[in-house]
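A.B. asks: I have a structure here, written as structure tokens, and I will follow up with some questions on it.
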Amino acid sequence: MTVISHTLFSGFALFPTVFAATSTLLASHFNGAIFTLSLNTQGSNGTLAITSAAGGCGSTPTWLQYYADTKKLYCWDESWQGYGTMAEYSVSTDGTLTVTGQAKTTGNDVHGVLYGGPLGRSFIATVEYTPSTITTYALPLKAGPDHPFTEPLQMEKFHMAAPGPNERQNDGPHPHQALLDPTGKFILVPDLGADVIHIFAINTTSGHLDACPDAQTAPGDGPRHAEWWSPKGNTMSSDGLKLFSVNELGNSVSSWSVAYGAGCLSLNKTQTISTFAAGKVPAATVFNGVSYPPKAAELRIVGNFLYAANRNDKLFGNQTDSLATYSIDPMTGTATWVGATSAHAFYPRSFSVNKAGTMVAVGGQTSSSVAIIARDTVTGKLGDLIAWLQVGGKGTYTNEDGLSSVIWVE
């Protein structure tokens with residue numbers, strides 16, 4: 001089986017960089033491609049260009065995770081065809097990708113993480129949105145999805161007693177992230193369908209996951225993703241450690257205090273704050289007779305600042321959504337609304353901050369774009385647009401197509 005196509009993907013061409021790249025990014029697209037991008041900046045201006053592209057992560061790559069210590073990239077496939085592909089790549093100095101391992105999955109994988117073993121790199125966990133499962137595998141992955149397969153180690157299916165209040169919670173649990181805790185001993189799984197955050201204790205030797213009691217969100221919150229924060233600026237410390245989760249259906253961010261007990265981690269919710277000023281959620285868009293409300297997508301924490309992406313709020317134009325900014329009180333961990341700024345993208349599904357904290361890369365799903373936005377490292381405020389590029393074919397409004405994920409390679 002050929003795992004990488006060396007021909008051009010339909011709907012785009014590759015453009016050579018004119019100047020030496022100052023930064024490298026990777027962006028996945030629901031057309032099956034992972035694009036390598038170069039960003040060149042001069043002062044407050046910059047240019048983005050596509051330098052290469054790779055396949056190998058199935059038909060619908062949706063999430064990218066880069067590990068700088070091993071220069072490895074992992075990609076998960078949100079295929080709705082009843083099967084999918086999880087792929088591992090080596091990342092060269094210029095960002096070129098080479099497939100080094102693959103695994104056939106049950107499909108609809110939306111997120112994953114490495115865990116366990118002496119270096120935290122011995123196993124991989126992935127969550128499947130519609131099968132409502134979490135599945136683990138031992139690393140390294142075998143060379144391809146064909147025989148001999150990389151066989152799963154464990155699969156746990158989630159259940160819920162009754163449908164939630166939102167119509168998207170009528171068909172069962174929908175796990176959306178596999179998040180490792182700072183100690184490397186627990187995996188947390190926000191479940192958009194069941195309004196809970198599942199918690200698993202890790203056997204770091206065998207990779208086995210043991211279920212701990214769930215943390216319950218408010219009905220209809222629909223938790224999607226989460227990140228850790230510590231007043232010490234180092235999440236390895238459990239003193240004052242908090243978890244912040246973004247609620248897709250509730251258009252809000254919740255904070256949780258963390259307690260480590262006998263064999264389990266527990267969460268206690270301390271705050272929920274809207275992703276819109278004064279909690280005023282913009283009106284839904286009626287399209288082809290169907291109502292589509294805004295929905296939160298992603299959050300990132302940098303120091304004592306938190307950012308959340310809003311999709312379909314159209315606060316900055318008919319096809320331009322917003323990013324919400326909050327400050328976090330270093331003494332209490334309380335989040336306070338700062339303001340909303342343009343995401344320079346339509347349906348900003350994904351965004352990430354560079355290591356220096358000076359730039360934010362925003363992946364617009366429907367606009368199929370990558371926008372680079374300036375960030376003030378002192379005030380935390382987001383500034384002007386530095387560079388913008390359409391990557392692959394545009395998505396279709398309300399459909400699961402277009403750009404899916406963007407990350408920095410550093």
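Ordering of the structure tokens sets the chain letters (A, B, ...), residue numbers begin anew at 1 in every chain, and ligands are numbered from 1 in the order given.
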Give me the residues near Phe186 (chain A) as a compact mmCIF listing (two decimals) with N, CA, C and O atoms, in the first residue's frame, where near means some atom within 8 Å (using only C-alpha atoms) and where sequence neighbours in that chain fewer than 5 positions away do not count.
C.D. replies:
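Dumped everything to result-v8.txt:
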```
# COMPACT_ATOMS: atom_id res chain seq x y z
N LEU A 180 -3.74 14.31 28.86
CA LEU A 180 -2.87 13.77 29.92
C LEU A 180 -2.76 14.79 31.05
O LEU A 180 -2.64 16.00 30.80
N ASP A 181 -2.82 14.31 32.29
CA ASP A 181 -2.64 15.23 33.42
C ASP A 181 -1.15 15.53 33.60
O ASP A 181 -0.29 14.85 33.03
N ILE A 199 -12.48 10.27 33.67
CA ILE A 199 -11.13 10.27 34.26
C ILE A 199 -10.64 8.83 34.34
O ILE A 199 -11.35 7.94 34.83
N PHE A 200 -9.43 8.59 33.85
CA PHE A 200 -8.83 7.25 33.88
C PHE A 200 -7.47 7.30 34.57
O PHE A 200 -6.66 8.20 34.30
N ALA A 201 -7.22 6.34 35.44
CA ALA A 201 -5.90 6.16 36.03
C ALA A 201 -5.08 5.26 35.12
O ALA A 201 -5.59 4.27 34.58
N ILE A 202 -3.82 5.61 34.93
CA ILE A 202 -2.94 4.92 34.00
C ILE A 202 -2.04 3.93 34.74
O ILE A 202 -1.40 4.29 35.73
N CYS A 264 -6.94 7.91 42.36
CA CYS A 264 -7.78 8.63 41.41
C CYS A 264 -7.56 10.14 41.52
O CYS A 264 -7.12 10.64 42.56
N LEU A 265 -7.89 10.81 40.48
CA LEU A 265 -7.92 12.26 40.41
C LEU A 265 -9.38 12.69 40.43
O LEU A 265 -10.22 12.05 39.77
```
A.B. asks: So that each row is one residue of region 132-199 of chain A with an atom at most 12 Å from region 294-306 of chain A, can you give its shortest atom pair and the distance in Å to one decimal, using only C-alpha atoms, rows by chain and rising number, as a Markdown table?
C.D. replies:
```
| residue | atom | partner | partner_atom | distance |
| --- | --- | --- | --- | --- |
| A:Arg168 | CA | A:Lys295 | CA | 11.8 |
| A:His176 | CA | A:Ala297 | CA | 10.7 |
| A:Gln177 | CA | A:Glu298 | CA | 10.8 |
| A:Leu192 | CA | A:Ala297 | CA | 11.3 |
```
A.B. asks: Would you please give, as a count of residues only, all residues of region 62-255 of chain A that DSSP assigns to strand (DSSP E) based on the backbone?
C.D. replies: 94
A.B. asks: Compare A:Ser38, A:Ser252, A:Ala284, A:Thr366 by their minimum atom-to-atom distance to Thr320 (chain A), counting only C-alpha atoms, and give me the closest one.
C.D. replies: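 Using only C-alpha atoms, the shortest distance to Thr320 (chain A) belongs to A:Thr366.
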A.B. asks: As a PyMOL selection string, please: the residues near Lys185 (chain A) (cut-off 12 Å, only C-alpha atoms, same-chain neighbours under 2 positions excluded).
C.D. replies: chain A and resi 114-118+120+179-183+187-188+199-205+207-210+236+260+263-265
A.B. asks: For the selection you just gave me, I'd like the residues written to a file as a PDB file, in the first residue's frame, keeping C-alpha atoms.
C.D. replies:
```
ATOM      1  CA  LEU A 114       0.860   9.546  23.990  1.00  0.00           C
ATOM      2  CA  TYR A 115       1.302   8.257  27.529  1.00  0.00           C
ATOM      3  CA  GLY A 116       2.917   5.690  29.841  1.00  0.00           C
ATOM      4  CA  GLY A 117       6.266   3.973  29.962  1.00  0.00           C
ATOM      5  CA  PRO A 118       9.543   5.419  31.259  1.00  0.00           C
ATOM      6  CA  GLY A 120       5.629   8.875  28.568  1.00  0.00           C
ATOM      7  CA  LEU A 179      -5.832  14.895  27.820  1.00  0.00           C
ATOM      8  CA  LEU A 180      -2.874  13.774  29.915  1.00  0.00           C
ATOM      9  CA  ASP A 181      -2.643  15.233  33.417  1.00  0.00           C
ATOM     10  CA  PRO A 182       0.615  16.946  34.512  1.00  0.00           C
ATOM     11  CA  THR A 183       1.779  13.886  36.472  1.00  0.00           C
ATOM     12  CA  ILE A 187      -6.089  10.687  31.165  1.00  0.00           C
ATOM     13  CA  LEU A 188      -9.124  12.967  31.089  1.00  0.00           C
ATOM     14  CA  ILE A 199     -11.134  10.270  34.256  1.00  0.00           C
ATOM     15  CA  PHE A 200      -8.831   7.253  33.885  1.00  0.00           C
ATOM     16  CA  ALA A 201      -5.901   6.156  36.033  1.00  0.00           C
ATOM     17  CA  ILE A 202      -2.938   4.916  33.995  1.00  0.00           C
ATOM     18  CA  ASN A 203      -0.929   1.788  34.637  1.00  0.00           C
ATOM     19  CA  THR A 204       2.271   3.252  33.249  1.00  0.00           C
ATOM     20  CA  THR A 205       3.833  -0.181  32.760  1.00  0.00           C
ATOM     21  CA  GLY A 207      -0.747   1.024  29.491  1.00  0.00           C
ATOM     22  CA  HIS A 208      -4.067  -0.187  30.945  1.00  0.00           C
ATOM     23  CA  LEU A 209      -6.618   2.482  31.867  1.00  0.00           C
ATOM     24  CA  ASP A 210      -8.812   2.127  34.959  1.00  0.00           C
ATOM     25  CA  MET A 236       3.837  20.057  37.160  1.00  0.00           C
ATOM     26  CA  TYR A 260      -5.254  13.738  43.918  1.00  0.00           C
ATOM     27  CA  GLY A 263      -5.493   6.038  43.035  1.00  0.00           C
ATOM     28  CA  CYS A 264      -7.776   8.631  41.413  1.00  0.00           C
ATOM     29  CA  LEU A 265      -7.919  12.258  40.414  1.00  0.00           C
TER      30      LEU A 265
END
```
A.B. asks: Extract, using only C-alpha atoms, all DNA, RNA and protein residues at most 12 Å from Asn399 (chain A), discarding same-chain residues fewer than 6 positions from it, and format them as a PyMOL selection string.
C.D. replies: chain A and resi 30+287+292+347+365-367
A.B. asks: I'd like to know which of A:Val127, A:Gly220, A:Ala211, A:Leu403 is closest to His174 (chain A), using only C-alpha atoms.
C.D. replies: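 Of the candidates, the smallest distance to His174 (chain A) is held by A:Val127.
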A.B. asks: CA of Arg375 (chain A) and CA of Gly357 (chain A), how far apart in Å?
C.D. replies: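 If I compute the distance from CA of Gly357 (chain A) to CA of Arg375 (chain A), I get 6.8 Å.
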A.B. asks: What's the 6 Å shell around region 96-102 of chain A, counting only C-alpha atoms, without same-chain residues fewer than 3 positions away, as an MDAnalysis selection string?
C.D. replies: chainID A and resid 86:92 141:145
A.B. asks: Emit the selected residues as a PDB file, in the first residue's frame, including all heavy atoms.
C.D. replies:
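Just written: out.pdb:
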```pdb
ATOM      1  N   MET A  86      -4.871   5.992  11.941  1.00  0.00           N
ATOM      2  CA  MET A  86      -4.028   6.793  12.823  1.00  0.00           C
ATOM      3  C   MET A  86      -2.606   6.681  12.289  1.00  0.00           C
ATOM      4  O   MET A  86      -2.160   5.577  11.949  1.00  0.00           O
ATOM      5  CB  MET A  86      -4.115   6.249  14.250  1.00  0.00           C
ATOM      6  CG  MET A  86      -3.226   6.937  15.250  1.00  0.00           C
ATOM      7  SD  MET A  86      -3.589   6.373  16.941  1.00  0.00           S
ATOM      8  CE  MET A  86      -3.372   4.597  16.790  1.00  0.00           C
ATOM      9  N   ALA A  87      -1.913   7.803  12.177  1.00  0.00           N
ATOM     10  CA  ALA A  87      -0.604   7.783  11.525  1.00  0.00           C
ATOM     11  C   ALA A  87       0.456   8.495  12.349  1.00  0.00           C
ATOM     12  O   ALA A  87       0.172   9.467  13.056  1.00  0.00           O
ATOM     13  CB  ALA A  87      -0.692   8.420  10.142  1.00  0.00           C
ATOM     14  N   GLU A  88       1.687   7.984  12.229  1.00  0.00           N
ATOM     15  CA  GLU A  88       2.866   8.589  12.843  1.00  0.00           C
ATOM     16  C   GLU A  88       3.804   9.040  11.727  1.00  0.00           C
ATOM     17  O   GLU A  88       3.988   8.323  10.740  1.00  0.00           O
ATOM     18  CB  GLU A  88       3.571   7.570  13.730  1.00  0.00           C
ATOM     19  CG  GLU A  88       4.872   8.064  14.346  1.00  0.00           C
ATOM     20  CD  GLU A  88       5.674   6.918  14.942  1.00  0.00           C
ATOM     21  OE1 GLU A  88       6.386   6.232  14.174  1.00  0.00           O
ATOM     22  OE2 GLU A  88       5.580   6.723  16.161  1.00  0.00           O
ATOM     23  N   TYR A  89       4.394  10.231  11.883  1.00  0.00           N
ATOM     24  CA  TYR A  89       5.313  10.773  10.876  1.00  0.00           C
ATOM     25  C   TYR A  89       6.603  11.229  11.557  1.00  0.00           C
ATOM     26  O   TYR A  89       6.589  11.712  12.695  1.00  0.00           O
ATOM     27  CB  TYR A  89       4.719  12.001  10.186  1.00  0.00           C
ATOM     28  CG  TYR A  89       3.412  11.796   9.473  1.00  0.00           C
ATOM     29  CD1 TYR A  89       2.216  11.783  10.182  1.00  0.00           C
ATOM     30  CD2 TYR A  89       3.361  11.645   8.086  1.00  0.00           C
ATOM     31  CE1 TYR A  89       1.003  11.621   9.534  1.00  0.00           C
ATOM     32  CE2 TYR A  89       2.146  11.480   7.435  1.00  0.00           C
ATOM     33  CZ  TYR A  89       0.972  11.471   8.157  1.00  0.00           C
ATOM     34  OH  TYR A  89      -0.239  11.298   7.521  1.00  0.00           O
ATOM     35  N   SER A  90       7.701  11.110  10.839  1.00  0.00           N
ATOM     36  CA  SER A  90       8.904  11.826  11.235  1.00  0.00           C
ATOM     37  C   SER A  90       8.845  13.193  10.552  1.00  0.00           C
ATOM     38  O   SER A  90       8.354  13.321   9.432  1.00  0.00           O
ATOM     39  CB  SER A  90      10.163  11.072  10.818  1.00  0.00           C
ATOM     40  OG  SER A  90      10.239  10.954   9.403  1.00  0.00           O
ATOM     41  N   VAL A  91       9.333  14.217  11.265  1.00  0.00           N
ATOM     42  CA  VAL A  91       9.271  15.580  10.751  1.00  0.00           C
ATOM     43  C   VAL A  91      10.694  16.072  10.519  1.00  0.00           C
ATOM     44  O   VAL A  91      11.490  16.150  11.465  1.00  0.00           O
ATOM     45  CB  VAL A  91       8.537  16.509  11.730  1.00  0.00           C
ATOM     46  CG1 VAL A  91       8.414  17.912  11.144  1.00  0.00           C
ATOM     47  CG2 VAL A  91       7.153  15.951  12.074  1.00  0.00           C
ATOM     48  N   SER A  92      11.010  16.382   9.277  1.00  0.00           N
ATOM     49  CA  SER A  92      12.364  16.836   8.956  1.00  0.00           C
ATOM     50  C   SER A  92      12.542  18.295   9.353  1.00  0.00           C
ATOM     51  O   SER A  92      11.604  18.971   9.776  1.00  0.00           O
ATOM     52  CB  SER A  92      12.639  16.665   7.459  1.00  0.00           C
ATOM     53  OG  SER A  92      11.845  17.571   6.720  1.00  0.00           O
ATOM     54  N   LEU A 141       3.927   2.101  16.323  1.00  0.00           N
ATOM     55  CA  LEU A 141       2.948   1.611  15.376  1.00  0.00           C
ATOM     56  C   LEU A 141       3.663   0.843  14.270  1.00  0.00           C
ATOM     57  O   LEU A 141       4.797   1.152  13.910  1.00  0.00           O
ATOM     58  CB  LEU A 141       2.169   2.771  14.762  1.00  0.00           C
ATOM     59  CG  LEU A 141       1.381   3.664  15.733  1.00  0.00           C
ATOM     60  CD1 LEU A 141       0.697   4.786  14.965  1.00  0.00           C
ATOM     61  CD2 LEU A 141       0.363   2.859  16.523  1.00  0.00           C
ATOM     62  N   LYS A 142       3.000  -0.166  13.723  1.00  0.00           N
ATOM     63  CA  LYS A 142       3.580  -0.930  12.621  1.00  0.00           C
ATOM     64  C   LYS A 142       3.627  -0.059  11.362  1.00  0.00           C
ATOM     65  O   LYS A 142       3.057   1.025  11.312  1.00  0.00           O
ATOM     66  CB  LYS A 142       2.783  -2.212  12.390  1.00  0.00           C
ATOM     67  CG  LYS A 142       2.861  -3.182  13.578  1.00  0.00           C
ATOM     68  CD  LYS A 142       2.229  -4.491  13.234  1.00  0.00           C
ATOM     69  CE  LYS A 142       2.183  -5.513  14.331  1.00  0.00           C
ATOM     70  NZ  LYS A 142       3.054  -5.380  15.454  1.00  0.00           N
ATOM     71  N   ALA A 143       4.295  -0.560  10.345  1.00  0.00           N
ATOM     72  CA  ALA A 143       4.609   0.263   9.174  1.00  0.00           C
ATOM     73  C   ALA A 143       3.387   0.713   8.386  1.00  0.00           C
ATOM     74  O   ALA A 143       3.423   1.737   7.718  1.00  0.00           O
ATOM     75  CB  ALA A 143       5.566  -0.492   8.258  1.00  0.00           C
ATOM     76  N   GLY A 144       2.290  -0.045   8.426  1.00  0.00           N
ATOM     77  CA  GLY A 144       1.136   0.346   7.628  1.00  0.00           C
ATOM     78  C   GLY A 144      -0.155  -0.181   8.196  1.00  0.00           C
ATOM     79  O   GLY A 144      -0.149  -1.003   9.117  1.00  0.00           O
ATOM     80  N   PRO A 145      -1.289   0.284   7.649  1.00  0.00           N
ATOM     81  CA  PRO A 145      -2.584  -0.170   8.149  1.00  0.00           C
ATOM     82  C   PRO A 145      -2.950  -1.573   7.675  1.00  0.00           C
ATOM     83  O   PRO A 145      -3.870  -2.179   8.207  1.00  0.00           O
ATOM     84  CB  PRO A 145      -3.549   0.876   7.591  1.00  0.00           C
ATOM     85  CG  PRO A 145      -2.888   1.349   6.335  1.00  0.00           C
ATOM     86  CD  PRO A 145      -1.422   1.318   6.615  1.00  0.00           C
TER      87      PRO A 145
END
```
A.B. asks: Name all residues at most 7 Å from Phe244 (chain A) (count only C-alpha atoms; drop same-chain ones fewer than 4 positions away) and give them as a list in words.
C.D. replies: Ala226, Glu227, Trp228, Val253, Ser254, Ser255 and Trp256 of chain A
A.B. asks: Can you spit out the residues from that selection as a PDB file, in the first residue's frame, using all heavy atoms?
C.D. replies:
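For reference, out-v5.pdb as written:
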```pdb
ATOM      1  N   ALA A 226      -9.937  20.705  27.033  1.00  0.00           N
ATOM      2  CA  ALA A 226      -9.508  21.279  28.310  1.00  0.00           C
ATOM      3  C   ALA A 226      -8.003  21.494  28.306  1.00  0.00           C
ATOM      4  O   ALA A 226      -7.272  20.871  27.520  1.00  0.00           O
ATOM      5  CB  ALA A 226      -9.920  20.370  29.468  1.00  0.00           C
ATOM      6  N   GLU A 227      -7.531  22.381  29.205  1.00  0.00           N
ATOM      7  CA  GLU A 227      -6.099  22.612  29.408  1.00  0.00           C
ATOM      8  C   GLU A 227      -5.850  22.901  30.891  1.00  0.00           C
ATOM      9  O   GLU A 227      -6.749  23.307  31.621  1.00  0.00           O
ATOM     10  CB  GLU A 227      -5.593  23.790  28.556  1.00  0.00           C
ATOM     11  CG  GLU A 227      -5.332  23.437  27.109  1.00  0.00           C
ATOM     12  CD  GLU A 227      -4.241  24.286  26.479  1.00  0.00           C
ATOM     13  OE1 GLU A 227      -3.767  25.245  27.128  1.00  0.00           O
ATOM     14  OE2 GLU A 227      -3.849  23.987  25.333  1.00  0.00           O
ATOM     15  N   TRP A 228      -4.586  22.712  31.305  1.00  0.00           N
ATOM     16  CA  TRP A 228      -4.188  22.891  32.690  1.00  0.00           C
ATOM     17  C   TRP A 228      -3.606  24.282  32.919  1.00  0.00           C
ATOM     18  O   TRP A 228      -2.997  24.878  32.020  1.00  0.00           O
ATOM     19  CB  TRP A 228      -3.147  21.839  33.072  1.00  0.00           C
ATOM     20  CG  TRP A 228      -3.624  20.436  32.900  1.00  0.00           C
ATOM     21  CD1 TRP A 228      -3.373  19.607  31.839  1.00  0.00           C
ATOM     22  CD2 TRP A 228      -4.446  19.688  33.805  1.00  0.00           C
ATOM     23  NE1 TRP A 228      -3.987  18.395  32.034  1.00  0.00           N
ATOM     24  CE2 TRP A 228      -4.655  18.415  33.231  1.00  0.00           C
ATOM     25  CE3 TRP A 228      -5.013  19.971  35.041  1.00  0.00           C
ATOM     26  CZ2 TRP A 228      -5.408  17.428  33.854  1.00  0.00           C
ATOM     27  CZ3 TRP A 228      -5.768  19.000  35.669  1.00  0.00           C
ATOM     28  CH2 TRP A 228      -5.965  17.739  35.080  1.00  0.00           C
ATOM     29  N   VAL A 253     -16.659  28.652  29.291  1.00  0.00           N
ATOM     30  CA  VAL A 253     -15.432  28.049  29.814  1.00  0.00           C
ATOM     31  C   VAL A 253     -15.657  27.767  31.292  1.00  0.00           C
ATOM     32  O   VAL A 253     -16.157  28.630  32.026  1.00  0.00           O
ATOM     33  CB  VAL A 253     -14.221  28.978  29.622  1.00  0.00           C
ATOM     34  CG1 VAL A 253     -12.998  28.441  30.355  1.00  0.00           C
ATOM     35  CG2 VAL A 253     -13.910  29.162  28.144  1.00  0.00           C
ATOM     36  N   SER A 254     -15.316  26.572  31.735  1.00  0.00           N
ATOM     37  CA  SER A 254     -15.441  26.203  33.151  1.00  0.00           C
ATOM     38  C   SER A 254     -14.066  25.962  33.746  1.00  0.00           C
ATOM     39  O   SER A 254     -13.160  25.481  33.058  1.00  0.00           O
ATOM     40  CB  SER A 254     -16.296  24.942  33.326  1.00  0.00           C
ATOM     41  OG  SER A 254     -17.632  25.159  32.914  1.00  0.00           O
ATOM     42  N   SER A 255     -13.913  26.290  35.034  1.00  0.00           N
ATOM     43  CA  SER A 255     -12.668  25.979  35.741  1.00  0.00           C
ATOM     44  C   SER A 255     -12.956  24.949  36.816  1.00  0.00           C
ATOM     45  O   SER A 255     -14.059  24.903  37.380  1.00  0.00           O
ATOM     46  CB  SER A 255     -12.051  27.245  36.347  1.00  0.00           C
ATOM     47  OG  SER A 255     -12.885  27.779  37.339  1.00  0.00           O
ATOM     48  N   TRP A 256     -11.956  24.122  37.104  1.00  0.00           N
ATOM     49  CA  TRP A 256     -12.100  23.020  38.052  1.00  0.00           C
ATOM     50  C   TRP A 256     -10.885  22.968  38.956  1.00  0.00           C
ATOM     51  O   TRP A 256      -9.741  23.043  38.482  1.00  0.00           O
ATOM     52  CB  TRP A 256     -12.188  21.685  37.301  1.00  0.00           C
ATOM     53  CG  TRP A 256     -13.220  21.631  36.220  1.00  0.00           C
ATOM     54  CD1 TRP A 256     -13.143  22.179  34.963  1.00  0.00           C
ATOM     55  CD2 TRP A 256     -14.481  20.966  36.283  1.00  0.00           C
ATOM     56  NE1 TRP A 256     -14.283  21.898  34.249  1.00  0.00           N
ATOM     57  CE2 TRP A 256     -15.122  21.155  35.026  1.00  0.00           C
ATOM     58  CE3 TRP A 256     -15.135  20.221  37.268  1.00  0.00           C
ATOM     59  CZ2 TRP A 256     -16.376  20.630  34.740  1.00  0.00           C
ATOM     60  CZ3 TRP A 256     -16.388  19.694  36.986  1.00  0.00           C
ATOM     61  CH2 TRP A 256     -17.000  19.907  35.738  1.00  0.00           C
TER      62      TRP A 256
END
```
A.B. asks: Show which residues sit within 12 Å of Lys394 (chain A), as JSON, numbers by chain. Count only C-alpha atoms, and ignore same-chain residues fewer than 4 positions away.
C.D. replies: {"A": [10, 11, 12, 29, 30, 31, 345, 346, 347, 363, 364, 365, 366, 367, 368, 369, 370, 389, 390, 399, 400, 401, 402, 403, 404]}
A.B. asks: Kindly export the residues of the current selection with N, CA, C and O atoms, as a short mmCIF file (atom, residue, chain, number, x, y, z; two decimals), in the first residue's frame.
C.D. replies:
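out_8.cif written:
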```
data_model
loop_
_atom_site.label_atom_id
_atom_site.label_comp_id
_atom_site.auth_asym_id
_atom_site.auth_seq_id
_atom_site.Cartn_x
_atom_site.Cartn_y
_atom_site.Cartn_z
N SER A 10 -5.91 17.60 -5.22
CA SER A 10 -6.81 18.43 -6.00
C SER A 10 -7.15 19.69 -5.25
O SER A 10 -7.34 19.70 -4.05
N GLY A 11 -7.21 20.80 -5.98
CA GLY A 11 -7.68 22.04 -5.38
C GLY A 11 -6.58 22.93 -4.84
O GLY A 11 -6.84 24.00 -4.32
N PHE A 12 -5.28 22.55 -4.96
CA PHE A 12 -4.22 23.43 -4.51
C PHE A 12 -2.94 23.09 -5.24
O PHE A 12 -2.79 22.03 -5.85
N HIS A 29 -6.19 18.99 6.63
CA HIS A 29 -7.38 19.36 5.86
C HIS A 29 -8.26 18.14 5.72
O HIS A 29 -7.77 17.01 5.59
N PHE A 30 -9.56 18.36 5.75
CA PHE A 30 -10.48 17.24 5.62
C PHE A 30 -10.48 16.61 4.23
O PHE A 30 -11.24 15.67 3.97
N ASN A 31 -9.63 17.09 3.33
CA ASN A 31 -9.50 16.43 2.02
C ASN A 31 -8.46 15.31 2.05
O ASN A 31 -8.21 14.66 1.04
N ALA A 345 -10.99 34.40 10.53
CA ALA A 345 -11.30 33.06 10.02
C ALA A 345 -12.80 32.80 10.18
O ALA A 345 -13.45 33.39 11.06
N PHE A 346 -13.31 31.93 9.34
CA PHE A 346 -14.70 31.49 9.45
C PHE A 346 -14.70 30.06 9.97
O PHE A 346 -14.07 29.19 9.41
N TYR A 347 -15.40 29.84 11.08
CA TYR A 347 -15.40 28.56 11.81
C TYR A 347 -13.99 28.22 12.30
O TYR A 347 -13.39 27.22 11.90
N GLY A 363 -6.75 28.29 12.65
CA GLY A 363 -7.19 27.49 11.53
C GLY A 363 -8.69 27.65 11.31
O GLY A 363 -9.49 27.23 12.15
N GLY A 364 -9.08 28.29 10.23
CA GLY A 364 -10.49 28.45 9.90
C GLY A 364 -10.98 27.25 9.11
O GLY A 364 -10.45 26.95 8.04
N GLN A 365 -11.98 26.55 9.64
CA GLN A 365 -12.47 25.34 8.97
C GLN A 365 -13.17 25.68 7.65
O GLN A 365 -12.80 25.19 6.59
N THR A 366 -14.22 26.49 7.72
CA THR A 366 -14.99 26.78 6.51
C THR A 366 -14.22 27.68 5.56
O THR A 366 -14.29 27.51 4.34
N SER A 367 -13.47 28.63 6.08
CA SER A 367 -12.63 29.47 5.23
C SER A 367 -11.40 28.72 4.73
O SER A 367 -10.72 29.18 3.81
N SER A 368 -11.12 27.57 5.34
CA SER A 368 -9.94 26.75 5.02
C SER A 368 -8.69 27.62 4.97
O SER A 368 -7.96 27.64 3.98
N SER A 369 -8.47 28.32 6.06
CA SER A 369 -7.39 29.31 6.09
C SER A 369 -6.55 29.18 7.34
O SER A 369 -6.99 28.64 8.35
N VAL A 370 -5.33 29.70 7.24
CA VAL A 370 -4.47 29.87 8.40
C VAL A 370 -4.18 31.35 8.54
O VAL A 370 -3.69 31.98 7.59
N LEU A 389 -3.44 32.85 4.74
CA LEU A 389 -3.32 32.01 3.55
C LEU A 389 -4.47 31.01 3.50
O LEU A 389 -4.78 30.37 4.51
N GLN A 390 -5.09 30.89 2.33
CA GLN A 390 -6.04 29.80 2.14
C GLN A 390 -5.25 28.52 1.88
O GLN A 390 -4.32 28.50 1.08
N ASN A 399 -20.89 22.05 6.92
CA ASN A 399 -20.40 20.70 6.63
C ASN A 399 -19.06 20.44 7.31
O ASN A 399 -18.33 21.35 7.70
N GLU A 400 -18.72 19.17 7.43
CA GLU A 400 -17.46 18.75 8.05
C GLU A 400 -16.41 18.64 6.97
O GLU A 400 -15.97 17.55 6.58
N ASP A 401 -15.99 19.79 6.43
CA ASP A 401 -14.93 19.83 5.44
C ASP A 401 -14.13 21.10 5.65
O ASP A 401 -14.40 21.89 6.55
N GLY A 402 -13.09 21.30 4.86
CA GLY A 402 -12.20 22.44 5.04
C GLY A 402 -11.03 22.10 5.95
O GLY A 402 -10.68 20.92 6.15
N LEU A 403 -10.40 23.11 6.53
CA LEU A 403 -9.23 22.93 7.39
C LEU A 403 -9.65 22.39 8.76
O LEU A 403 -10.69 22.78 9.29
N SER A 404 -8.83 21.51 9.33
CA SER A 404 -9.23 20.88 10.59
C SER A 404 -8.31 21.20 11.77
O SER A 404 -8.76 21.23 12.91
#
```
